[in-house]
$ cat upload.tsv   # TSV, C-alpha atoms and all ligand atoms
chain	number	residue	atom	x	y	z
L	1	MET	CA	0.00	0.00	0.00
L	2	PRO	CA	1.51	3.40	-0.98
L	3	SER	CA	2.61	5.48	2.00
L	4	THR	CA	0.11	8.28	1.24
L	5	LEU	CA	-2.68	5.71	1.45
L	6	SER	CA	-1.31	4.22	4.68
L	7	ALA	CA	-1.26	7.71	6.15
L	8	GLU	CA	-4.88	8.22	5.07
L	9	ARG	CA	-5.80	4.90	6.66
L	10	GLU	CA	-4.19	5.95	9.95
L	11	ARG	CA	-5.89	9.33	9.88
L	12	LEU	CA	-9.32	7.87	9.16
L	13	GLY	CA	-8.80	5.20	11.84
L	14	ARG	CA	-8.52	8.01	14.37
L	15	GLU	CA	-11.16	10.27	12.91
L	16	TRP	CA	-13.54	8.98	10.27
L	17	ARG	CA	-15.12	11.32	7.71
L	18	ARG	CA	-18.45	11.03	5.98
L	19	ASP	CA	-16.88	12.09	2.68
L	20	TRP	CA	-14.20	9.35	2.76
L	21	ALA	CA	-15.21	8.02	-0.69
L	22	GLU	CA	-14.77	11.44	-2.33
L	23	GLN	CA	-11.48	11.70	-0.47
L	24	VAL	CA	-10.08	8.43	-1.85
L	25	ARG	CA	-11.14	9.48	-5.32
L	26	ALA	CA	-9.68	12.98	-5.28
L	27	GLY	CA	-6.61	12.16	-3.20
L	28	HIS	CA	-5.79	8.59	-4.24
L	29	ARG	CA	-7.49	8.02	-7.62
L	30	PHE	CA	-9.91	5.23	-6.71
L	31	ASP	CA	-13.34	5.62	-8.28
L	32	LEU	CA	-15.60	3.32	-6.23
L	33	SER	CA	-18.85	4.57	-7.76
L	34	THR	CA	-21.61	2.16	-8.74
L	35	SER	CA	-25.41	2.07	-8.62
L	36	LEU	CA	-28.30	0.29	-6.94
L	37	LEU	CA	-31.64	-0.11	-8.70
L	38	GLY	CA	-30.67	2.70	-11.02
L	39	VAL	CA	-29.58	5.13	-8.28
L	40	PRO	CA	-25.94	6.29	-8.49
L	41	LEU	CA	-23.85	5.59	-5.39
L	42	LEU	CA	-20.36	6.72	-4.37
L	43	HIS	CA	-19.32	3.19	-3.37
L	44	PRO	CA	-20.71	-0.35	-3.24
L	45	ILE	CA	-20.94	-1.05	0.52
L	46	GLY	CA	-24.37	-1.06	2.15
L	47	LYS	CA	-26.23	-2.50	5.10
L	48	ALA	CA	-28.37	-5.60	4.66
L	49	SER	CA	-31.91	-5.77	6.02
L	50	GLY	CA	-32.14	-6.79	9.66
L	51	GLN	CA	-31.71	-5.71	13.27
L	52	LEU	CA	-29.31	-2.92	12.34
L	53	SER	CA	-31.88	-0.96	10.34
L	54	LEU	CA	-34.84	-0.79	12.72
L	55	ARG	CA	-34.48	2.68	14.21
L	56	PRO	CA	-33.88	6.24	12.97
L	57	GLU	CA	-30.70	6.54	15.11
L	58	GLN	CA	-29.16	3.58	13.27
L	59	LEU	CA	-29.83	5.31	9.94
L	60	GLN	CA	-28.35	8.52	11.29
L	61	HIS	CA	-25.09	6.73	12.24
L	62	ASP	CA	-24.98	5.17	8.76
L	63	ALA	CA	-25.53	8.52	7.06
L	64	ASP	CA	-22.90	10.17	9.27
L	65	ALA	CA	-20.36	7.46	8.40
L	66	GLY	CA	-20.90	7.74	4.64
L	67	LEU	CA	-22.42	4.30	4.19
L	68	SER	CA	-23.80	3.94	0.70
L	69	PHE	CA	-27.24	2.50	1.36
L	70	ALA	CA	-29.28	0.66	3.98
L	71	VAL	CA	-32.10	-1.82	3.48
L	72	LEU	CA	-34.65	-1.55	6.27
L	73	LYS	CA	-35.78	-4.54	8.33
L	74	THR	CA	-38.34	-6.69	6.47
L	75	VAL	CA	-41.95	-5.70	7.13
L	76	ILE	CA	-44.63	-8.39	6.91
L	77	GLY	CA	-47.49	-7.57	4.53
L	78	GLU	CA	-51.02	-6.97	5.80
L	79	ASP	CA	-54.42	-6.11	4.34
L	80	ALA	CA	-56.63	-3.17	5.34
L	81	ALA	CA	-58.09	-5.19	8.23
L	82	GLY	CA	-54.59	-5.92	9.54
L	83	ALA	CA	-54.68	-9.62	8.54
L	84	ARG	CA	-51.22	-11.00	7.69
L	85	SER	CA	-50.93	-14.18	5.63
L	86	MET	CA	-47.26	-14.41	6.64
L	87	GLY	CA	-47.99	-13.46	10.27
L	88	GLU	CA	-45.74	-16.19	11.69
L	89	TRP	CA	-42.84	-14.01	10.51
L	90	ALA	CA	-43.83	-11.01	12.63
L	91	ILE	CA	-42.44	-12.22	15.96
L	92	HIS	CA	-40.53	-10.32	18.62
L	93	GLU	CA	-36.97	-11.34	19.54
L	94	THR	CA	-34.13	-9.10	20.60
L	95	ARG	CA	-31.21	-11.31	21.64
L	96	MET	CA	-28.45	-11.70	19.05
L	97	VAL	CA	-25.28	-13.71	19.71
L	98	VAL	CA	-22.16	-13.24	17.59
L	99	GLU	CA	-20.46	-16.64	17.37
L	100	ARG	CA	-17.63	-18.36	15.55
L	101	ARG	CA	-18.73	-20.89	12.97
L	102	ASP	CA	-16.62	-23.52	11.22
L	103	ALA	CA	-17.17	-24.15	7.52
L	104	PRO	CA	-16.70	-27.58	5.90
L	105	GLY	CA	-13.47	-26.39	4.19
L	106	GLY	CA	-11.91	-25.82	7.62
L	107	ARG	CA	-12.10	-22.04	7.80
L	108	THR	CA	-13.63	-20.45	10.86
L	109	GLY	CA	-15.80	-17.40	10.34
L	110	TRP	CA	-18.47	-15.39	12.13
L	111	THR	CA	-22.20	-15.81	12.35
L	112	VAL	CA	-24.97	-14.02	14.21
L	113	THR	CA	-27.41	-16.34	15.92
L	114	TRP	CA	-30.89	-14.97	16.41
L	115	LYS	CA	-34.33	-16.55	16.57
L	116	GLY	CA	-36.46	-13.64	15.40
L	117	ARG	CA	-37.99	-13.01	12.00
L	118	GLY	CA	-39.60	-9.87	10.49
L	119	TRP	CA	-40.52	-6.35	11.73
L	120	ASP	CA	-42.59	-6.85	14.85
L	121	GLY	CA	-44.13	-3.37	15.04
L	122	THR	CA	-47.03	-1.82	13.15
L	123	LEU	CA	-47.09	-0.97	9.45
L	124	ALA	CA	-47.57	2.71	10.42
L	125	GLY	CA	-44.42	2.53	12.55
L	126	TYR	CA	-42.55	1.05	9.62
L	127	CYS	CA	-43.77	3.79	7.30
L	128	ALA	CA	-42.45	6.40	9.75
L	129	LEU	CA	-39.04	4.73	9.45
L	130	VAL	CA	-39.31	4.80	5.65
L	131	GLU	CA	-40.01	8.55	5.89
L	132	ALA	CA	-36.94	9.05	8.09
L	133	GLY	CA	-34.97	7.14	5.46
L	134	ARG	CA	-36.32	9.30	2.65
L	135	ALA	CA	-35.03	12.40	4.37
L	136	HIS	CA	-31.48	10.94	4.32
L	137	SER	CA	-31.85	9.89	0.70
L	138	ARG	CA	-33.13	13.32	-0.37
L	139	ALA	CA	-30.19	14.95	1.41
L	140	GLY	CA	-27.97	12.73	-0.76
L	141	HIS	CA	-26.35	11.05	2.25
L	142	LEU	CA	-27.73	7.53	2.45
L	143	LEU	CA	-30.05	5.64	0.14
L	144	VAL	CA	-32.63	3.87	2.33
L	145	LEU	CA	-35.02	1.30	0.95
L	146	PRO	CA	-37.76	-0.82	2.48
L	147	SER	CA	-37.94	-4.61	2.48
L	148	VAL	CA	-41.19	-6.59	2.47
L	149	LYS	CA	-42.43	-10.10	2.79
L	150	LEU	CA	-45.79	-10.51	1.09
L	151	HIS	CA	-48.17	-13.42	0.65
L	152	LEU	CA	-46.51	-16.53	-0.80
L	153	PRO	CA	-49.34	-18.91	-1.69
L	154	PRO	CA	-49.09	-22.69	-1.93
L	155	ALA	CA	-49.99	-24.38	-5.23
L	156	GLY	CA	-53.59	-23.88	-6.29
L	157	GLU	CA	-54.03	-20.72	-4.20
L	158	GLU	CA	-54.07	-17.18	-5.57
L	159	PHE	CA	-51.91	-14.35	-4.24
L	160	ARG	CA	-53.84	-12.26	-1.71
L	161	GLU	CA	-53.90	-9.07	-3.69
L	162	ALA	CA	-55.57	-7.10	-0.90
L	163	GLU	CA	-52.40	-7.58	1.13
L	164	PHE	CA	-50.20	-6.36	-1.72
L	165	ALA	CA	-52.45	-3.35	-2.33
L	166	HIS	CA	-52.62	-2.25	1.30
L	167	THR	CA	-48.97	-2.77	2.22
L	168	LEU	CA	-47.53	-1.31	-0.95
L	169	GLY	CA	-50.05	1.55	-0.81
L	170	ALA	CA	-48.79	2.47	2.66
L	171	LEU	CA	-45.15	2.26	1.55
L	172	ARG	CA	-45.91	4.37	-1.50
L	173	ALA	CA	-47.50	7.08	0.65
L	174	ALA	CA	-44.38	7.19	2.84
L	175	TRP	CA	-42.02	7.11	-0.14
L	176	GLY	CA	-43.48	9.77	-2.43
L	177	ALA	CA	-43.94	9.90	-6.18
L	178	GLU	CA	-40.40	8.94	-7.30
L	179	PRO	CA	-39.83	5.34	-8.42
L	180	LEU	CA	-40.32	3.16	-5.33
L	181	LEU	CA	-37.26	1.00	-4.66
L	182	LEU	CA	-38.04	-2.16	-2.77
L	183	GLU	CA	-36.56	-5.49	-1.77
L	184	HIS	CA	-38.72	-8.59	-1.30
L	185	ASP	CA	-37.22	-11.10	1.12
L	186	PHE	CA	-37.82	-14.83	1.06
L	187	SER	CA	-35.70	-15.49	4.19
L	188	PRO	CA	-33.88	-18.55	5.55
L	189	THR	CA	-36.73	-19.34	7.94
L	190	LEU	CA	-38.92	-19.84	4.89
L	191	ALA	CA	-36.38	-22.33	3.54
L	192	GLY	CA	-36.77	-24.22	6.82
L	193	ASP	CA	-40.58	-23.94	6.84
L	194	PRO	CA	-43.03	-26.47	5.31
L	195	ARG	CA	-43.98	-23.70	2.81
L	196	GLY	CA	-40.46	-23.77	1.40
L	197	ARG	CA	-40.43	-27.48	0.63
L	198	GLU	CA	-42.15	-27.38	-2.79
L	199	ARG	CA	-39.81	-26.47	-5.59
L	200	GLU	CA	-42.65	-25.57	-7.95
L	201	ASP	CA	-44.11	-23.14	-5.40
L	202	ILE	CA	-40.80	-21.35	-4.91
L	203	LEU	CA	-40.26	-20.94	-8.64
L	204	ARG	CA	-43.80	-19.62	-9.06
L	205	TRP	CA	-43.30	-17.00	-6.31
L	206	ILE	CA	-40.05	-15.82	-7.87
L	207	ASP	CA	-41.61	-15.66	-11.30
L	208	GLU	CA	-44.83	-13.89	-10.33
L	209	LEU	CA	-43.85	-11.57	-7.47
L	210	PRO	CA	-42.23	-8.78	-9.53
L	211	GLY	CA	-45.40	-8.40	-11.62
L	212	MET	CA	-47.67	-8.51	-8.56
L	213	ILE	CA	-45.57	-5.88	-6.80
L	214	ARG	CA	-45.48	-3.60	-9.83
L	215	ALA	CA	-49.24	-3.96	-10.30
L	216	HIS	CA	-49.92	-2.73	-6.75
L	217	GLY	CA	-47.07	-0.24	-6.36
L	218	GLY	CA	-49.18	2.84	-7.11
L	219	GLY	CA	-46.63	4.15	-9.64
L	220	PRO	CA	-43.21	3.13	-10.90
L	221	VAL	CA	-41.52	0.45	-8.78
L	222	ARG	CA	-38.08	-1.13	-9.05
L	223	VAL	CA	-37.98	-4.43	-7.26
L	224	ALA	CA	-35.08	-6.54	-6.08
L	225	LEU	CA	-35.81	-10.12	-5.06
L	226	LYS	CA	-33.69	-11.25	-2.14
L	227	LEU	CA	-33.42	-14.94	-2.81
L	228	MET	CA	-33.10	-17.45	-0.01
L	229	ASN	CA	-30.71	-20.36	0.16
L	230	ALA	CA	-33.28	-23.09	-0.39
L	231	THR	CA	-32.66	-26.47	1.22
L	232	PHE	CA	-32.17	-28.07	-2.23
L	233	ASP	CA	-28.98	-28.54	-4.26
L	234	ASP	CA	-26.90	-25.97	-6.15
L	235	ALA	CA	-28.68	-26.77	-9.43
L	236	PHE	CA	-31.99	-25.68	-7.92
L	237	GLN	CA	-30.32	-22.61	-6.43
L	238	ALA	CA	-29.06	-21.68	-9.91
L	239	GLY	CA	-32.58	-22.31	-11.25
L	240	MET	CA	-33.98	-19.81	-8.72
L	241	LEU	CA	-31.52	-17.21	-9.92
L	242	ARG	CA	-32.55	-17.77	-13.53
L	243	ALA	CA	-36.23	-17.68	-12.57
L	244	ALA	CA	-35.74	-14.19	-11.10
L	245	ALA	CA	-35.03	-12.68	-14.54
L	246	GLY	CA	-38.23	-10.61	-14.32
L	247	ALA	CA	-37.02	-8.64	-11.29
L	248	ASP	CA	-35.03	-5.42	-11.69
L	249	ALA	CA	-32.32	-6.87	-9.46
L	250	VAL	CA	-31.52	-9.83	-7.24
L	251	THR	CA	-29.95	-9.79	-3.77
L	252	VAL	CA	-28.03	-13.02	-3.44
L	253	PHE	CA	-28.36	-15.07	-1.27
L	254	ASN	CA	-29.81	-14.93	2.25
L	255	ARG	CA	-28.35	-17.15	4.98
L	256	LEU	CA	-28.21	-20.93	5.21
L	257	TRP	CA	-30.63	-22.90	7.35
L	258	ASP	CA	-29.34	-25.10	10.17
L	259	LYS	CA	-32.04	-27.75	10.54
L	260	GLY	CA	-30.58	-29.21	13.72
L	261	ARG	CA	-30.50	-25.93	15.67
L	262	GLY	CA	-33.44	-24.35	13.87
L	263	VAL	CA	-31.49	-21.17	13.12
L	264	ALA	CA	-30.11	-19.32	10.10
L	265	TYR	CA	-26.33	-19.01	9.82
L	266	GLY	CA	-23.56	-17.45	7.79
L	267	GLY	CA	-19.77	-17.57	7.67
L	268	TRP	CA	-17.56	-19.09	4.97
L	269	GLU	CA	-19.98	-21.88	4.10
L	270	LEU	CA	-22.50	-19.22	3.12
L	271	SER	CA	-20.15	-17.20	0.93
L	272	ASP	CA	-18.63	-20.35	-0.63
L	273	ARG	CA	-22.07	-21.51	-1.69
L	274	ASN	CA	-23.24	-18.09	-2.85
L	275	LEU	CA	-20.12	-17.45	-4.91
L	276	ALA	CA	-20.27	-20.92	-6.51
L	277	VAL	CA	-23.88	-20.49	-7.58
L	278	LEU	CA	-23.28	-16.95	-8.87
L	279	ALA	CA	-20.32	-18.20	-10.91
L	280	ALA	CA	-22.48	-20.99	-12.35
L	281	VAL	CA	-25.00	-18.47	-13.70
L	282	PRO	CA	-23.11	-15.65	-15.45
L	283	ARG	CA	-24.95	-12.35	-15.16
L	284	ASP	CA	-27.16	-11.60	-18.12
L	285	GLY	CA	-27.59	-7.84	-17.76
L	286	GLN	CA	-29.55	-8.06	-14.51
L	287	GLU	CA	-28.26	-6.14	-11.50
L	288	ARG	CA	-26.94	-8.20	-8.58
L	289	SER	CA	-26.31	-7.21	-4.98
L	290	GLY	CA	-24.20	-9.67	-3.01
L	291	THR	CA	-24.85	-10.67	0.59
L	292	GLY	CA	-23.30	-13.30	2.83
L	293	ASN	CA	-20.04	-13.14	4.76
L	294	VAL	CA	-18.85	-9.88	3.23
L	295	ILE	CA	-16.39	-9.19	6.05
L	296	SER	CA	-13.48	-7.83	3.97
L	297	GLY	CA	-12.81	-5.85	0.82
L	298	ARG	CA	-11.51	-9.07	-0.71
L	299	GLN	CA	-15.01	-10.51	-0.33
L	300	VAL	CA	-16.48	-7.39	-1.96
L	301	VAL	CA	-14.26	-8.13	-4.96
L	302	GLU	CA	-15.19	-11.85	-4.99
L	303	TYR	CA	-18.86	-10.91	-5.22
L	304	ALA	CA	-18.11	-8.20	-7.80
L	305	ARG	CA	-16.30	-10.66	-10.06
L	306	ARG	CA	-19.49	-12.70	-10.08
L	307	GLY	CA	-21.64	-9.80	-11.14
L	308	CYS	CA	-22.48	-7.96	-7.89
L	309	SER	CA	-22.22	-4.21	-8.29
L	310	THR	CA	-23.04	-3.64	-4.59
L	311	VAL	CA	-22.78	-5.67	-1.37
L	312	GLN	CA	-24.99	-5.83	1.71
L	313	CYS	CA	-23.42	-6.64	5.08
L	314	HIS	CA	-24.94	-7.53	8.44
L	315	THR	CA	-22.42	-9.63	10.37
L	316	ALA	CA	-19.48	-7.36	9.44
L	317	PHE	CA	-21.00	-4.59	11.58
L	318	GLN	CA	-21.29	-6.88	14.62
L	319	LEU	CA	-17.80	-8.32	15.06
L	320	PRO	CA	-16.02	-8.03	18.42
L	321	LEU	CA	-14.44	-4.56	18.61
L	322	GLY	CA	-10.93	-6.03	18.51
L	323	GLU	CA	-11.57	-7.07	14.90
L	324	TYR	CA	-11.59	-3.44	13.75
L	325	ALA	CA	-8.32	-1.57	13.31
L	326	ALA	CA	-10.04	1.80	13.81
L	327	GLY	CA	-9.87	2.76	17.45
L	328	ALA	CA	-12.71	5.27	17.30
L	329	GLY	CA	-15.97	5.97	15.50
L	330	SER	CA	-19.33	4.28	15.14
L	331	ARG	CA	-19.56	0.61	14.21
L	332	THR	CA	-20.52	1.67	10.70
L	333	ALA	CA	-17.39	3.82	10.42
L	334	ARG	CA	-15.12	1.09	11.83
L	335	THR	CA	-16.60	-1.47	9.46
L	336	LEU	CA	-16.09	0.76	6.42
L	337	HIS	CA	-12.53	1.42	7.58
L	338	ARG	CA	-11.93	-2.34	7.79
L	339	LEU	CA	-13.55	-3.19	4.47
L	340	VAL	CA	-11.95	-0.39	2.49
L	341	PHE	CA	-8.57	0.34	4.10
L	342	ASP	CA	-7.23	-2.92	5.53
L	343	PRO	CA	-3.66	-3.13	4.15
L	344	ALA	CA	-3.99	-6.82	3.20
L	345	ASP	CA	-7.67	-7.47	2.47
L	346	GLY	CA	-9.22	-4.02	2.10
L	347	LEU	CA	-10.97	-3.03	-1.11
L	348	LEU	CA	-8.26	-0.54	-2.11
L	349	ALA	CA	-5.41	-3.00	-1.45
L	350	VAL	CA	-7.18	-5.68	-3.52
L	351	MET	CA	-7.82	-3.22	-6.37
L	352	LEU	CA	-4.11	-2.41	-6.43
L	353	GLU	CA	-3.39	-6.15	-6.45
L	354	GLU	CA	-5.72	-6.56	-9.43
L	355	GLU	CA	-3.96	-3.73	-11.25
L	356	LYS	CA	-0.59	-5.37	-10.62
L	357	ALA	CA	-1.91	-8.66	-11.98
L	358	GLY	CA	-3.04	-6.86	-15.14
L	359	ARG	CA	-6.73	-7.50	-14.50
L	360	LEU	CA	-7.68	-3.90	-13.74
L	361	HIS	CA	-6.64	-0.89	-15.80
L	362	ARG	CA	-6.68	2.84	-15.11
L	363	HIS	CA	-8.93	5.28	-16.93
L	364	ASP	CA	-7.68	8.86	-16.84
L	365	GLY	CA	-5.41	7.79	-14.02
L	366	GLU	CA	-8.19	6.20	-11.94
L	367	LEU	CA	-8.86	2.62	-10.89
L	368	ARG	CA	-12.60	1.96	-11.12
L	369	PHE	CA	-14.54	-0.46	-8.95
L	370	ARG	CA	-17.14	-0.92	-11.67
L	371	ASP	CA	-14.52	-2.43	-13.98
L	372	LEU	CA	-14.33	-5.36	-11.55
L	373	VAL	CA	-18.01	-6.20	-11.90
L	374	GLY	CA	-18.34	-9.32	-14.01
L	375	PRO	CA	-18.88	-11.11	-16.21
E	1	LIG	C1	-30.05	-10.86	13.16
E	1	LIG	C2	-30.33	-10.87	11.69
E	1	LIG	C3	-31.58	-10.45	11.22
E	1	LIG	C4	-31.86	-10.47	9.86
E	1	LIG	N1	-33.08	-10.04	9.41
E	1	LIG	C5	-33.33	-9.99	8.08
E	1	LIG	C6	-34.55	-9.47	7.57
E	1	LIG	O1	-35.45	-9.06	8.31
E	1	LIG	N2	-34.72	-9.43	6.23
E	1	LIG	C7	-33.76	-9.85	5.35
E	1	LIG	O2	-33.94	-9.75	4.14
E	1	LIG	N3	-32.59	-10.36	5.81
E	1	LIG	C8	-32.36	-10.42	7.14
E	1	LIG	N4	-31.15	-10.89	7.59
E	1	LIG	C9	-30.13	-11.34	6.62
E	1	LIG	C10	-29.13	-10.24	6.33
E	1	LIG	O3	-29.78	-9.17	5.71
E	1	LIG	C11	-27.97	-10.71	5.44
E	1	LIG	O4	-28.44	-10.87	4.11
E	1	LIG	C12	-27.35	-12.01	5.90
E	1	LIG	O5	-27.15	-11.99	7.30
E	1	LIG	C13	-26.02	-12.28	5.21
E	1	LIG	O6	-25.10	-11.27	5.45
E	1	LIG	P1	-23.96	-11.37	6.57
E	1	LIG	O7	-23.20	-12.63	6.31
E	1	LIG	O8	-23.18	-10.12	6.41
E	1	LIG	O9	-24.64	-11.43	7.90
E	1	LIG	C14	-30.86	-10.91	8.95
E	1	LIG	C15	-29.62	-11.31	9.43
E	1	LIG	C16	-29.34	-11.31	10.78
E	1	LIG	C17	-27.99	-11.74	11.24

$ encode --input "upload.tsv" --output "structure tokens" --more "lines below"
Ligand SMILES: Cc1cc2nc3c(=O)[nH]c(=O)nc-3n(C[C@H](O)[C@H](O)[C@H](O)COP(=O)(O)O)c2cc1C
Amino acid sequence: MPSTLSAERERLGREWRRDWAEQVRAGHRFDLSTSLLGVPLLHPIGKASGQLSLRPEQLQHDADAGLSFAVLKTVIGEDAAGARSMGEWAIHETRMVVERRDAPGGRTGWTVTWKGRGWDGTLAGYCALVEAGRAHSRAGHLLVLPSVKLHLPPAGEEFREAEFAHTLGALRAAWGAEPLLLEHDFSPTLAGDPRGREREDILRWIDELPGMIRAHGGGPVRVALKLMNATFDDAFQAGMLRAAAGADAVTVFNRLWDKGRGVAYGGWELSDRNLAVLAAVPRDGQERSGTGNVISGRQVVEYARRGCSTVQCHTAFQLPLGEYAAGAGSRTARTLHRLVFDPADGLLAVMLEEEKAGRLHRHDGELRFRDLVGP
């Protein structure tokens, strides 16, 4: 790592700055810009949906740290009478445990163990959070988008359109008239649920959801499907990815399901599987956002090579404090410092490595993240 960059790393480790991405571009010639669902971003690192995007203060910390985007916790759809077809997913649980987890290849990684599911508050409360997020997005500081789980019918049953209409109507009112950006989550608990055992049903949901969501979105909608890791083999997993061609983007792939413990998990087994399936299905123009064990810049690049123009982290923000080189700042700031500036595995170090290997070339003196995005 050049000495000017090492000095920058030291400085930012002591005092992080919201405009760090502009700084590395102007001062060090790294253009990390990319986009998510058509919205330009200064860099590819965002926060995945979950317990770290439940409250306005969390979004404020993310905006202050110069995080690129945050996907809100998944809200469970409901109709005008408050009936929720996926109501088993709206349960309350607060305790999260950060644990080590061994992968079959022998590497030990990190996972967050938690027994909860979706947003456990009201739809109105969720919409207030969406509004708080819109204020950050309009200020140009942090793109915030909602995540939903809507009715997923078994074979022979129709989608409950009243649930789509009511939930998406409420989100639209909170969002405003601009194109509504939205993620739909399938979740690992669904993979472990009797509903997730029929391959045909899963493929039907993936195929039909984008159209259903657009039909009830009350205006233009751009939808990303966050695909689960189903309990079937890699060939089926690749089939799910192909079946999602009708979505504007895919977020790939949510955590693995541990049948024995009845919990979702991550770590190296998750990223190994995700990266293998992504490599097996070269990107065909569709946008991809990678999720699963993105705990270093090297992992950002692994996902990018397989077509992911952004990444979504959850566990990376929750590591024991000793895992972060930065001695000060919010968890968001320390995580960005780790992912971008680590001298061995940070995004900038890996981009320089790629340049040295002749796989990444400068344009007008700049190394561009988007040139790493495959195929
Ligand atoms: C405690 C916890 C809660 C989560 N809740 C959600 C959720 O509500 N919706 C969703 O789409 N993903 C959820 N996820 C999955 C994360 O968004 C992320 O995709 C996954 O954990 C993989 O990333 P990671 O390896 O960085 O943790 C959750 C993950 C954790 C650890």

$ closest_residue --input "upload.tsv" --among "L:Gly156, L:Pro375, L:Gly118, L:Gly87" --to "Asp185 in chain L" --atoms "only C-alpha atoms"
L:Gly118

$ residues_near_ligand --input "upload.tsv" --ligand "ligand LIG 1 (chain E)" --cutoff "7 Å" --atoms "all atoms listed in the file" --output "ChimeraX atom specification"
/L:48-51,73-74,96,111-114,117-119,147,185,187,226,253-255,266-267,291-295,312-316

$ closest_residue --input "upload.tsv" --among "L:Trp89, L:Trp205, L:Phe69, L:Phe317" --to "Pro153 in chain L" --atoms "only C-alpha atoms"
L:Trp205

$ closest_atom_pairs --input "upload.tsv" --of "range 157-260 of chain L" --to "range 127-141 of chain L" --cutoff "10 Å" --atoms "all atoms listed in the file" --output "Markdown table"
| residue | atom | partner | partner_atom | distance |
| --- | --- | --- | --- | --- |
| L:Thr167 | CA | L:Cys127 | CA | 9.8 |
| L:Ala170 | CA | L:Cys127 | CA | 7.0 |
| L:Leu171 | CA | L:Cys127 | CA | 6.1 |
| L:Arg172 | CA | L:Cys127 | CA | 9.1 |
| L:Ala173 | CA | L:Cys127 | CA | 8.3 |
| L:Ala174 | CA | L:Glu131 | CA | 5.5 |
| L:Trp175 | CA | L:Glu131 | CA | 6.5 |
| L:Gly176 | CA | L:Arg134 | CA | 8.8 |

$ residues_around --input "upload.tsv" --residues "range 26-40 of chain L" --least-positions-apart "2" --cutoff "9 Å" --atoms "only C-alpha atoms" --output "ChimeraX atom specification"
/L:4-5,21-24,42-44,69,143,181-182,222-224,248-249,287-289,309-310,348,351,365-370

$ residues_around --input "upload.tsv" --residues "range 90-92 of chain L" --least-positions-apart "2" --cutoff "12 Å" --atoms "all atoms listed in the file" --output "MDAnalysis selection string"
chainID L and resid 51 73:78 83:88 94:95 114:123 148:150 189

$ write_last_selection --input "upload.tsv" --atoms "C-alpha atoms" --output "JSON list (two decimals), in the frame of the given file"
[["chain", "number", "residue", "atom", "x", "y", "z"],
["L", 51, "GLN", "CA", -31.71, -5.71, 13.27],
["L", 73, "LYS", "CA", -35.78, -4.54, 8.33],
["L", 74, "THR", "CA", -38.34, -6.69, 6.47],
["L", 75, "VAL", "CA", -41.95, -5.70, 7.13],
["L", 76, "ILE", "CA", -44.63, -8.39, 6.91],
["L", 77, "GLY", "CA", -47.49, -7.57, 4.53],
["L", 78, "GLU", "CA", -51.02, -6.97, 5.80],
["L", 83, "ALA", "CA", -54.68, -9.62, 8.54],
["L", 84, "ARG", "CA", -51.22, -11.00, 7.69],
["L", 85, "SER", "CA", -50.93, -14.18, 5.63],
["L", 86, "MET", "CA", -47.26, -14.41, 6.64],
["L", 87, "GLY", "CA", -47.99, -13.46, 10.27],
["L", 88, "GLU", "CA", -45.74, -16.19, 11.69],
["L", 94, "THR", "CA", -34.13, -9.10, 20.60],
["L", 95, "ARG", "CA", -31.21, -11.31, 21.64],
["L", 114, "TRP", "CA", -30.89, -14.97, 16.41],
["L", 115, "LYS", "CA", -34.33, -16.55, 16.57],
["L", 116, "GLY", "CA", -36.46, -13.64, 15.40],
["L", 117, "ARG", "CA", -37.99, -13.01, 12.00],
["L", 118, "GLY", "CA", -39.60, -9.87, 10.49],
["L", 119, "TRP", "CA", -40.52, -6.35, 11.73],
["L", 120, "ASP", "CA", -42.59, -6.85, 14.85],
["L", 121, "GLY", "CA", -44.13, -3.37, 15.04],
["L", 122, "THR", "CA", -47.03, -1.82, 13.15],
["L", 123, "LEU", "CA", -47.09, -0.97, 9.45],
["L", 148, "VAL", "CA", -41.19, -6.59, 2.47],
["L", 149, "LYS", "CA", -42.43, -10.10, 2.79],
["L", 150, "LEU", "CA", -45.79, -10.51, 1.09],
["L", 189, "THR", "CA", -36.73, -19.34, 7.94]]

$ residues_near_point --input "upload.tsv" --point "(-22.1, -24.0, 6.2)" --cutoff "6 Å" --atoms "all atoms listed in the file" --output "list in words"
Ala103, Glu269 and Leu270 of chain L

$ atom_distance --input "upload.tsv" --atom1 "CA of Leu209 in chain L" --atom2 "CA of Leu67 in chain L"
29.1 Å

$ residues_near_point --input "upload.tsv" --point "(-10.3, -5.9, 15.5)" --cutoff "12 Å" --atoms "all atoms listed in the file" --output "ChimeraX atom specification"
/L:13,295,316-328,331,334-335,337-339,342

$ atom_distance --input "upload.tsv" --atom1 "CA of Pro104 in chain L" --atom2 "CA of Ala191 in chain L"
20.5 Å

$ atom_distance --input "upload.tsv" --atom1 "CA of Pro154 in chain L" --atom2 "CA of Leu203 in chain L"
11.2 Å

$ closest_residue --input "upload.tsv" --among "L:Trp20, L:Asp207, L:Leu336, L:Phe186" --to "Gly46 in chain L" --atoms "all atoms listed in the file"
L:Leu336

$ axis_aligned_box --input "upload.tsv" --around "range 266-285 of chain L" --padding-each-side "6 Å" --output "JSON"
{"center_x": -22.6, "center_y": -14.9, "center_z": -5.2, "size_x": 22.0, "size_y": 26.0, "size_z": 37.9}

$ residues_around --input "upload.tsv" --residues "Pro220 in chain L" --least-positions-apart "2" --cutoff "9 Å" --atoms "all atoms listed in the file" --output "NGL selection string"
:L and (177-181 or 214 or 217-218 or 222)

$ closest_residue --input "upload.tsv" --among "L:Ala245, L:Tyr265, L:Asp272, L:Asp345" --to "Glu99 in chain L" --atoms "all atoms listed in the file"
L:Tyr265
